[in-house]
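**Q** Take a look at upload02.tsv, TSV, C-alpha atoms:
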chain	number	residue	atom	x	y	z
A	1	MET	CA	-34.13	20.10	95.36
A	2	ARG	CA	-32.06	21.60	98.18
A	3	SER	CA	-28.65	20.07	98.91
A	4	LEU	CA	-28.24	17.45	101.63
A	5	ASN	CA	-26.23	19.92	103.72
A	6	ASP	CA	-29.03	22.46	103.45
A	7	THR	CA	-31.57	19.86	104.55
A	8	LEU	CA	-29.43	18.80	107.52
A	9	SER	CA	-29.00	22.42	108.55
A	10	ARG	CA	-32.74	22.96	108.48
A	11	LEU	CA	-33.30	19.79	110.52
A	12	SER	CA	-30.76	20.95	113.10
A	13	ALA	CA	-32.43	24.35	113.35
A	14	MET	CA	-35.85	22.75	113.80
A	15	ARG	CA	-34.57	20.44	116.54
A	16	ASN	CA	-32.84	23.28	118.36
A	17	ASN	CA	-36.03	25.31	118.18
A	18	ALA	CA	-38.07	22.38	119.47
A	19	MET	CA	-35.76	21.92	122.47
A	20	SER	CA	-35.91	25.63	123.28
A	21	MET	CA	-39.69	25.57	123.47
A	22	ALA	CA	-42.07	23.98	125.96
A	23	PRO	CA	-43.37	21.30	123.62
A	24	GLY	CA	-46.32	20.19	125.64
A	25	THR	CA	-49.21	21.41	127.59
A	26	SER	CA	-50.01	24.90	128.73
A	27	GLY	CA	-53.17	25.31	130.74
A	28	GLU	CA	-55.63	22.68	131.89
A	29	ASP	CA	-55.51	19.23	130.32
A	30	ARG	CA	-59.17	18.47	129.54
A	31	LEU	CA	-58.53	15.34	127.48
A	32	SER	CA	-59.05	11.65	128.32
A	33	GLU	CA	-57.12	8.62	127.09
A	34	LEU	CA	-58.50	6.39	124.34
A	35	SER	CA	-57.02	2.89	124.47
A	36	GLY	CA	-57.61	-0.46	122.80
A	37	PHE	CA	-58.72	1.17	119.56
A	38	GLY	CA	-57.05	-1.28	117.18
A	39	SER	CA	-53.72	-2.57	115.92
A	40	ASN	CA	-52.32	0.99	115.84
A	41	PRO	CA	-49.62	0.41	113.19
A	42	GLY	CA	-48.51	4.04	113.44
A	43	ALA	CA	-47.86	3.74	117.20
A	44	LEU	CA	-49.78	6.93	117.95
A	45	ARG	CA	-51.36	7.95	121.25
A	46	ALA	CA	-55.10	8.72	121.22
A	47	ARG	CA	-56.86	11.28	123.39
A	48	PHE	CA	-60.43	12.56	123.28
A	49	TYR	CA	-62.94	14.96	124.74
A	50	VAL	CA	-66.69	14.44	125.06
A	51	PRO	CA	-68.89	17.15	126.62
A	52	PRO	CA	-70.87	16.15	129.73
A	53	SER	CA	-74.10	16.13	127.70
A	54	LEU	CA	-73.33	14.90	124.21
A	55	PRO	CA	-76.47	14.90	122.06
A	56	ALA	CA	-77.51	11.98	119.88
A	57	SER	CA	-76.05	11.96	116.37
A	58	ALA	CA	-73.31	14.35	117.42
A	59	ALA	CA	-70.48	15.42	115.18
A	60	LEU	CA	-66.89	14.30	115.73
A	61	VAL	CA	-63.91	16.54	115.00
A	62	VAL	CA	-60.46	14.98	114.66
A	63	VAL	CA	-57.75	17.50	115.60
A	64	LEU	CA	-54.09	17.06	114.61
A	65	HIS	CA	-51.47	19.15	116.43
A	66	GLY	CA	-48.35	20.62	114.84
A	67	CYS	CA	-44.67	19.88	115.40
A	68	THR	CA	-43.33	20.35	118.97
A	69	GLN	CA	-46.93	20.35	120.25
A	70	ASP	CA	-49.07	17.81	122.03
A	71	ALA	CA	-52.81	17.22	122.08
A	72	ALA	CA	-53.60	18.97	125.37
A	73	GLY	CA	-51.53	22.01	124.51
A	74	TYR	CA	-53.14	22.38	121.12
A	75	ASP	CA	-56.58	21.98	122.63
A	76	HIS	CA	-55.87	24.71	125.17
A	77	GLY	CA	-54.56	27.10	122.53
A	78	SER	CA	-57.18	26.49	119.86
A	79	GLY	CA	-60.17	26.35	122.23
A	80	TRP	CA	-61.68	23.27	120.61
A	81	SER	CA	-62.93	21.60	123.81
A	82	ARG	CA	-64.51	24.83	125.08
A	83	LEU	CA	-66.34	25.17	121.76
A	84	ALA	CA	-67.35	21.50	121.98
A	85	ASP	CA	-68.98	22.25	125.36
A	86	GLU	CA	-70.80	25.19	123.83
A	87	GLN	CA	-71.95	23.50	120.64
A	88	GLY	CA	-72.23	19.80	121.59
A	89	PHE	CA	-69.77	17.79	119.54
A	90	ALA	CA	-67.00	15.28	120.36
A	91	LEU	CA	-63.27	15.61	119.80
A	92	LEU	CA	-60.56	13.09	118.95
A	93	TYR	CA	-56.91	14.06	119.32
A	94	PRO	CA	-54.36	11.68	117.77
A	95	GLU	CA	-50.99	12.48	119.34
A	96	GLN	CA	-47.55	11.86	117.91
A	97	GLN	CA	-44.89	10.06	119.98
A	98	ARG	CA	-41.24	11.06	120.11
A	99	GLY	CA	-40.21	7.53	119.13
A	100	ASN	CA	-41.90	8.09	115.77
A	101	ASN	CA	-40.66	11.63	115.19
A	102	ALA	CA	-38.14	13.52	117.32
A	103	ASN	CA	-39.99	16.81	116.80
A	104	LEU	CA	-43.46	15.31	117.42
A	105	CYS	CA	-44.46	15.94	113.81
A	106	PHE	CA	-46.93	13.65	112.12
A	107	ASN	CA	-45.03	11.87	109.34
A	108	TRP	CA	-47.00	13.37	106.45
A	109	PHE	CA	-44.03	12.86	104.09
A	110	ASN	CA	-43.42	9.18	104.88
A	111	PRO	CA	-45.07	6.86	102.29
A	112	SER	CA	-45.56	4.09	104.87
A	113	ASP	CA	-47.67	6.47	106.99
A	114	THR	CA	-49.66	8.19	104.27
A	115	GLN	CA	-51.35	5.35	102.40
A	116	CYS	CA	-54.81	3.92	102.95
A	117	ASP	CA	-54.80	1.11	105.55
A	118	ALA	CA	-51.20	1.68	106.64
A	119	GLY	CA	-49.15	3.43	109.29
A	120	GLU	CA	-50.28	6.60	111.00
A	121	ALA	CA	-53.20	7.06	108.62
A	122	LEU	CA	-54.68	3.68	109.60
A	123	SER	CA	-54.08	4.38	113.31
A	124	ILE	CA	-56.14	7.55	113.05
A	125	ARG	CA	-58.89	5.74	111.14
A	126	GLN	CA	-59.01	3.08	113.89
A	127	MET	CA	-59.36	5.80	116.52
A	128	VAL	CA	-62.30	7.26	114.60
A	129	ALA	CA	-63.98	3.84	114.50
A	130	ALA	CA	-63.53	3.39	118.25
A	131	MET	CA	-65.08	6.80	118.94
A	132	VAL	CA	-68.08	5.94	116.74
A	133	ALA	CA	-68.45	2.62	118.59
A	134	GLU	CA	-68.33	4.16	122.06
A	135	HIS	CA	-70.24	7.43	121.67
A	136	PRO	CA	-73.46	8.62	119.96
A	137	ILE	CA	-71.66	10.01	116.90
A	138	ASP	CA	-73.22	10.35	113.47
A	139	PRO	CA	-70.85	8.63	110.97
A	140	ALA	CA	-71.93	11.19	108.38
A	141	ARG	CA	-70.70	14.08	110.56
A	142	ILE	CA	-67.00	13.35	111.02
A	143	PHE	CA	-64.46	16.09	110.27
A	144	VAL	CA	-60.69	16.57	110.50
A	145	THR	CA	-58.42	19.57	110.97
A	146	GLY	CA	-54.79	20.26	111.80
A	147	LEU	CA	-51.95	22.77	111.90
A	148	SER	CA	-48.69	22.61	109.93
A	149	ALA	CA	-47.54	18.95	109.94
A	150	GLY	CA	-51.00	18.25	111.40
A	151	GLY	CA	-52.45	20.21	108.48
A	152	ALA	CA	-50.43	18.14	106.03
A	153	MET	CA	-51.64	15.00	107.84
A	154	THR	CA	-55.17	16.36	107.50
A	155	SER	CA	-54.56	16.35	103.75
A	156	VAL	CA	-53.47	12.71	104.07
A	157	MET	CA	-56.64	11.68	105.93
A	158	LEU	CA	-58.92	13.51	103.49
A	159	ALA	CA	-57.21	11.86	100.52
A	160	THR	CA	-56.94	8.33	101.89
A	161	TYR	CA	-60.35	8.17	103.64
A	162	PRO	CA	-62.60	10.65	101.82
A	163	ASP	CA	-65.59	8.41	102.53
A	164	VAL	CA	-65.05	8.89	106.29
A	165	PHE	CA	-64.82	12.67	106.46
A	166	ALA	CA	-67.57	15.13	105.56
A	167	GLY	CA	-65.11	18.00	105.69
A	168	GLY	CA	-61.61	19.07	106.55
A	169	ALA	CA	-59.68	22.20	107.48
A	170	ILE	CA	-55.99	22.55	106.65
A	171	ILE	CA	-54.15	25.29	108.57
A	172	ALA	CA	-50.68	26.31	107.35
A	173	GLY	CA	-50.40	22.86	105.75
A	174	LEU	CA	-49.55	21.26	102.44
A	175	PRO	CA	-51.33	19.30	99.71
A	176	TYR	CA	-51.40	15.51	99.70
A	177	GLY	CA	-48.77	13.32	98.07
A	178	THR	CA	-46.15	15.89	97.09
A	179	ALA	CA	-43.27	14.66	99.30
A	180	ALA	CA	-41.87	11.21	100.02
A	181	SER	CA	-38.77	12.04	102.08
A	182	ILE	CA	-37.48	14.59	104.58
A	183	PRO	CA	-35.53	16.57	101.95
A	184	GLU	CA	-38.61	16.71	99.73
A	185	ALA	CA	-40.70	17.78	102.71
A	186	PHE	CA	-38.46	20.78	103.33
A	187	ASP	CA	-38.58	21.69	99.66
A	188	ARG	CA	-42.37	21.51	99.52
A	189	MET	CA	-42.68	23.58	102.69
A	190	ARG	CA	-40.98	26.34	100.73
A	191	ALA	CA	-42.99	25.57	97.57
A	192	HIS	CA	-39.88	24.29	95.76
A	193	GLY	CA	-40.30	21.50	93.24
A	194	GLY	CA	-42.99	18.87	93.35
A	195	PRO	CA	-45.56	17.88	90.74
A	196	PRO	CA	-47.17	20.50	88.50
A	197	VAL	CA	-50.40	21.98	89.83
A	198	THR	CA	-52.32	20.22	87.05
A	199	ALA	CA	-51.31	16.84	88.57
A	200	LEU	CA	-52.27	17.58	92.18
A	201	GLY	CA	-55.88	16.41	91.92
A	202	ALA	CA	-54.81	13.08	90.47
A	203	LEU	CA	-52.79	12.38	93.61
A	204	VAL	CA	-55.98	12.48	95.69
A	205	GLY	CA	-57.92	10.53	93.08
A	206	ALA	CA	-55.35	7.72	93.20
A	207	ALA	CA	-55.22	7.55	97.01
A	208	SER	CA	-58.47	5.57	97.37
A	209	SER	CA	-61.21	3.93	95.31
A	210	HIS	CA	-63.70	6.61	96.36
A	211	THR	CA	-65.66	8.36	93.61
A	212	GLY	CA	-67.58	10.93	95.64
A	213	PRO	CA	-69.17	12.84	97.20
A	214	TRP	CA	-66.01	14.56	98.40
A	215	PRO	CA	-65.28	16.37	101.67
A	216	ALA	CA	-65.71	20.14	101.87
A	217	ILE	CA	-62.35	21.82	102.39
A	218	SER	CA	-61.41	24.90	104.43
A	219	VAL	CA	-57.89	26.28	103.89
A	220	TRP	CA	-56.19	28.79	106.23
A	221	HIS	CA	-52.77	30.34	105.80
A	222	GLY	CA	-50.94	33.44	106.95
A	223	ASP	CA	-49.48	35.49	104.13
A	224	SER	CA	-46.32	36.13	106.20
A	225	ASP	CA	-45.66	32.47	106.99
A	226	ALA	CA	-41.89	31.88	106.76
A	227	THR	CA	-42.08	28.19	107.76
A	228	VAL	CA	-44.61	26.82	105.24
A	229	SER	CA	-44.91	29.02	102.18
A	230	HIS	CA	-48.31	30.57	101.57
A	231	ALA	CA	-48.05	29.20	98.02
A	232	ASN	CA	-49.06	25.85	99.50
A	233	SER	CA	-52.50	27.29	100.20
A	234	ALA	CA	-53.01	27.77	96.46
A	235	HIS	CA	-51.73	24.25	95.83
A	236	ILE	CA	-54.29	22.79	98.28
A	237	VAL	CA	-57.09	24.78	96.68
A	238	GLU	CA	-56.03	23.60	93.23
A	239	GLN	CA	-55.80	19.97	94.38
A	240	TRP	CA	-59.37	20.00	95.72
A	241	ARG	CA	-60.75	22.29	93.02
A	242	SER	CA	-59.79	19.60	90.55
A	243	ILE	CA	-61.38	16.87	92.67
A	244	HIS	CA	-64.63	18.80	93.09
A	245	GLY	CA	-64.65	19.83	89.44
A	246	VAL	CA	-65.38	23.49	90.16
A	247	ALA	CA	-64.36	26.58	88.23
A	248	ARG	CA	-60.84	27.92	88.51
A	249	GLU	CA	-62.01	31.34	89.66
A	250	PRO	CA	-63.79	31.64	93.04
A	251	ALA	CA	-67.54	32.15	93.07
A	252	ALA	CA	-67.30	34.81	95.78
A	253	ALA	CA	-64.76	36.85	97.70
A	254	GLN	CA	-65.23	39.03	100.76
A	255	HIS	CA	-63.33	40.23	103.79
A	256	VAL	CA	-64.17	38.54	107.10
A	257	ASP	CA	-62.86	40.25	110.22
A	258	GLY	CA	-60.42	42.04	107.94
A	259	HIS	CA	-59.08	38.95	106.14
A	260	LEU	CA	-59.73	37.80	102.58
A	261	ARG	CA	-62.02	34.80	102.19
A	262	ARG	CA	-62.62	33.21	98.80
A	263	VAL	CA	-65.22	30.51	98.08
A	264	TRP	CA	-65.66	27.90	95.36
A	265	ARG	CA	-69.13	26.39	94.80
A	266	ASP	CA	-70.27	23.23	93.06
A	267	ALA	CA	-73.01	22.95	90.44
A	268	HIS	CA	-75.63	22.86	93.21
A	269	GLY	CA	-74.44	26.12	94.72
A	270	ARG	CA	-72.85	24.39	97.72
A	271	ASP	CA	-69.69	25.89	99.20
A	272	VAL	CA	-67.15	23.09	98.75
A	273	ILE	CA	-63.87	25.00	99.19
A	274	GLU	CA	-63.04	28.12	101.15
A	275	GLU	CA	-59.68	29.81	101.51
A	276	TYR	CA	-58.71	32.37	104.16
A	277	ARG	CA	-55.65	34.50	103.56
A	278	ILE	CA	-54.71	35.93	106.97
A	279	ALA	CA	-52.99	39.26	106.50
A	280	GLY	CA	-49.66	39.65	108.28
A	281	LEU	CA	-49.87	36.29	110.05
A	282	GLY	CA	-46.83	34.05	110.49
A	283	HIS	CA	-46.87	30.29	111.04
A	284	GLY	CA	-49.68	29.22	113.34
A	285	THR	CA	-53.38	28.83	114.03
A	286	PRO	CA	-55.33	32.11	113.70
A	287	LEU	CA	-57.16	33.06	116.90
A	288	SER	CA	-59.49	35.69	118.24
A	289	THR	CA	-58.95	35.77	122.00
A	290	THR	CA	-61.14	38.77	122.88
A	291	GLY	CA	-64.72	39.83	122.17
A	292	ASP	CA	-67.93	37.90	121.67
A	293	ASP	CA	-66.31	35.31	119.39
A	294	ALA	CA	-63.23	34.72	121.57
A	295	CYS	CA	-61.92	31.17	121.47
A	296	GLY	CA	-58.55	29.81	122.61
A	297	ALA	CA	-55.38	31.30	124.08
A	298	ALA	CA	-52.38	32.78	122.30
A	299	GLY	CA	-48.99	31.06	122.55
A	300	PRO	CA	-46.30	29.51	120.34
A	301	TYR	CA	-47.89	28.82	116.96
A	302	MET	CA	-51.27	29.89	118.36
A	303	LEU	CA	-51.49	33.42	117.03
A	304	GLU	CA	-53.84	36.31	117.70
A	305	ALA	CA	-55.28	37.39	114.36
A	306	GLY	CA	-58.62	38.99	115.21
A	307	ILE	CA	-60.42	36.02	113.66
A	308	SER	CA	-61.24	32.64	115.21
A	309	SER	CA	-60.35	29.87	112.79
A	310	THR	CA	-61.85	27.36	115.24
A	311	ARG	CA	-65.27	29.02	115.18
A	312	ARG	CA	-65.20	29.78	111.48
A	313	ILE	CA	-64.25	26.24	110.54
A	314	VAL	CA	-67.17	24.64	112.41
A	315	GLY	CA	-69.43	27.25	110.87
A	316	PHE	CA	-68.27	26.25	107.40
A	317	TRP	CA	-68.90	22.61	108.24
A	318	GLY	CA	-72.39	23.45	109.50
A	319	ILE	CA	-71.98	22.00	113.00
A	320	THR	CA	-72.26	25.22	114.98
A	321	THR	CA	-74.78	27.95	115.54
A	322	ALA	CA	-74.32	31.40	114.04
A	323	LEU	CA	-71.44	33.53	115.22
A	324	ALA	CA	-72.18	36.45	117.50
A	325	GLU	CA	-71.60	38.80	114.61
A	326	ASP	CA	-70.77	38.14	110.97
A	327	ARG	CA	-68.53	41.00	109.97
A	328	ARG	CA	-68.19	40.65	106.22
A	329	GLU	CA	-67.62	43.17	103.49
A	330	PRO	CA	-67.06	42.75	99.75
A	331	ALA	CA	-63.45	42.27	98.77
A	332	PRO	CA	-61.86	44.79	96.42
A	333	PRO	CA	-61.14	43.51	92.91
A	334	GLN	CA	-58.11	41.22	92.98
A	335	PRO	CA	-55.50	41.32	90.22
A	336	ARG	CA	-55.15	38.11	88.27
A	337	VAL	CA	-52.12	36.25	89.53
A	338	ALA	CA	-50.35	33.48	87.63
A	339	GLN	CA	-50.91	30.02	89.08
A	340	PRO	CA	-47.96	29.04	91.31
A	341	LYS	CA	-45.89	26.08	90.30
A	342	SER	CA	-45.43	23.23	92.74
A	343	GLN	CA	-44.28	21.25	95.63
A	344	PRO	CA	-56.06	-6.73	121.98
A	345	ALA	CA	-59.41	-6.28	122.75
A	346	SER	CA	-61.91	-8.91	124.03
A	347	GLY	CA	-64.22	-10.51	121.51
A	348	GLY	CA	-67.16	-8.34	122.55
A	349	VAL	CA	-65.32	-5.05	122.30
A	350	GLN	CA	-63.66	-6.09	119.06
A	351	ARG	CA	-67.04	-6.90	117.55
A	352	VAL	CA	-68.45	-3.52	118.56
A	353	ILE	CA	-65.50	-1.77	116.94
A	354	GLU	CA	-65.81	-3.85	113.77
A	355	ASP	CA	-69.54	-3.10	113.57
A	356	ALA	CA	-68.78	0.60	113.94
A	357	LEU	CA	-66.15	0.32	111.22
A	358	ARG	CA	-68.76	-1.06	108.86
A	359	VAL	CA	-71.35	1.59	109.78
A	360	ALA	CA	-68.77	4.32	109.22
A	361	GLY	CA	-67.73	2.86	105.89
A	362	LEU	CA	-64.29	1.94	107.23
A	363	MET	CA	-64.60	-1.83	106.88
A	364	ARG	CA	-66.40	-4.24	104.61
Let me see whether you can do it: turn the structure in this file into structure tokens.

**A**
Amino acid sequence: MRSLNDTLSRLSAMRNNAMSMAPGTSGEDRLSELSGFGSNPGALRARFYVPPSLPASAALVVVLHGCTQDAAGYDHGSGWSRLADEQGFALLYPEQQRGNNANLCFNWFNPSDTQCDAGEALSIRQMVAAMVAEHPIDPARIFVTGLSAGGAMTSVMLATYPDVFAGGAIIAGLPYGTAASIPEAFDRMRAHGGPPVTALGALVGAASSHTGPWPAISVWHGDSDATVSHANSAHIVEQWRSIHGVAREPAAAQHVDGHLRRVWRDAHGRDVIEEYRIAGLGHGTPLSTTGDDACGAAGPYMLEAGISSTRRIVGFWGITTALAEDRREPAPPQPRVAQPKSQPASGGVQRVIEDALRVAGLMR
């Protein structure tokens, strides 16, 4: 583990960086406020977007921003609400508050926020239930994604409520359950310490009483990320490979828009894990801002990469139509690499929400 002085230095650098950046919104704020969604033990803000014509049995995507960001800014950069207009699904944006975390990071390393039915995790679950109660959303088509600390919090939601989410996408994030303090969080971000890779799956298994089926997982990481080590991508894959019980080696590998994509399939031939290694990318969400598949706008931590993670993720989940062009080519043979070692509502409204909780499997 790093020394306390090292940890404090890293915290100071992060705070200075946060103050030097515009932490909030750039571009149009397209989101609405969601209120009265439950007890909200994590004291999070909730925002949402629903297209003007939301079809019946629509999908819901939960989007978790990164540190120093807010919901509207992340939506503008990633292009999620524009894609929701195009494809007909709803969005939920939990938003961190500065009173919870000075850098607006979700507290993915805090045990009181990362357990089932507690803290920030429960707040997000309550938001999901409220969205299901108020809009024509199919409880079987709920997904979650996030960047960095939001990616790590995506891991938390997938582990603690795997019965709620059909799929998840973790961008420049970390596996579930590997840190329980700020010093440990910094270590894990750099792939220092933590449980052995063989124990990662058990952390998810112990997070809930769920026995399957499990969410499909999409993992994205830049291979030049100096903030969250790319080794964490392999840790996430290993954590969910163990849960899904699939082979260690990927079933397929190809280049997509110039970036390596590997896929793991279950016994039924279903793609249950995909991993994108984005060549030359630093810490941020991969975007394609030009061409037929353009989606989003480049900015801090929203990085032009010639590939739209937003579009590709919904394609993997099966809630979008085909991309304008699928530019894939076989990947060259990859050398075998050693496995990395780890790191108050009225009675009527309340009843509607509780009914939705039960329908979505969130309440008995």

**Q** Please report the interatomic distance between CA of Arg125 (chain A) and CA of Trp220 (chain A) in Å with one decimal.

**A**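 Atom-to-atom, CA of Arg125 (chain A) and CA of Trp220 (chain A) are spaced 23.7 Å apart.
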
**Q** Using only C-alpha atoms, which residue out of A:Pro136, A:Gly42, A:Gly296, A:Gly177 lies closest to Leu83 (chain A)?

**A**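 Of all the options, A:Gly296 lies closest to Leu83 (chain A).
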
**Q** Which residue, A:Leu200, A:Ala152, A:Cys116, A:Ala46, has the smallest gap to Val164 (chain A) when you use only C-alpha atoms?

**A**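 Answer, going by the shortest atom-to-atom distance: A:Cys116.
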
**Q** Do you have, as CSV, the list of residues of region 266-312 of chain A lying at most 9 Å from region 241-246 of chain A, each with its nearest atom pair and that distance in Å to one decimal, counting all atoms listed in the file and ordered by chain then number?

**A**
residue,atom,partner,partner_atom,distance
A:Asp266,CA,A:Val246,CA,5.7
A:Ala267,CA,A:Val246,CA,7.7
A:Val272,CA,A:His244,CA,7.5
A:Ile273,CA,A:Arg241,CA,7.4

**Q** Could you please determine the separation between CA of Pro286 (chain A) and CA of Ile313 (chain A) in Å, to one decimal place?

**A** 11.1 Å

**Q** Can you work out the spacing between CA of Gly146 (chain A) and CA of Tyr93 (chain A) in Å, to one decimal?

**A**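 These two atoms are separated by 10.0 Å.
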
**Q** Using only C-alpha atoms, find the one residue out of A:Leu303, A:Val256, A:Met153, A:Ala159 that sits nearest to His210 (chain A).

**A**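 Checking each candidate against His210 (chain A), we get A:Ala159 as the closest.
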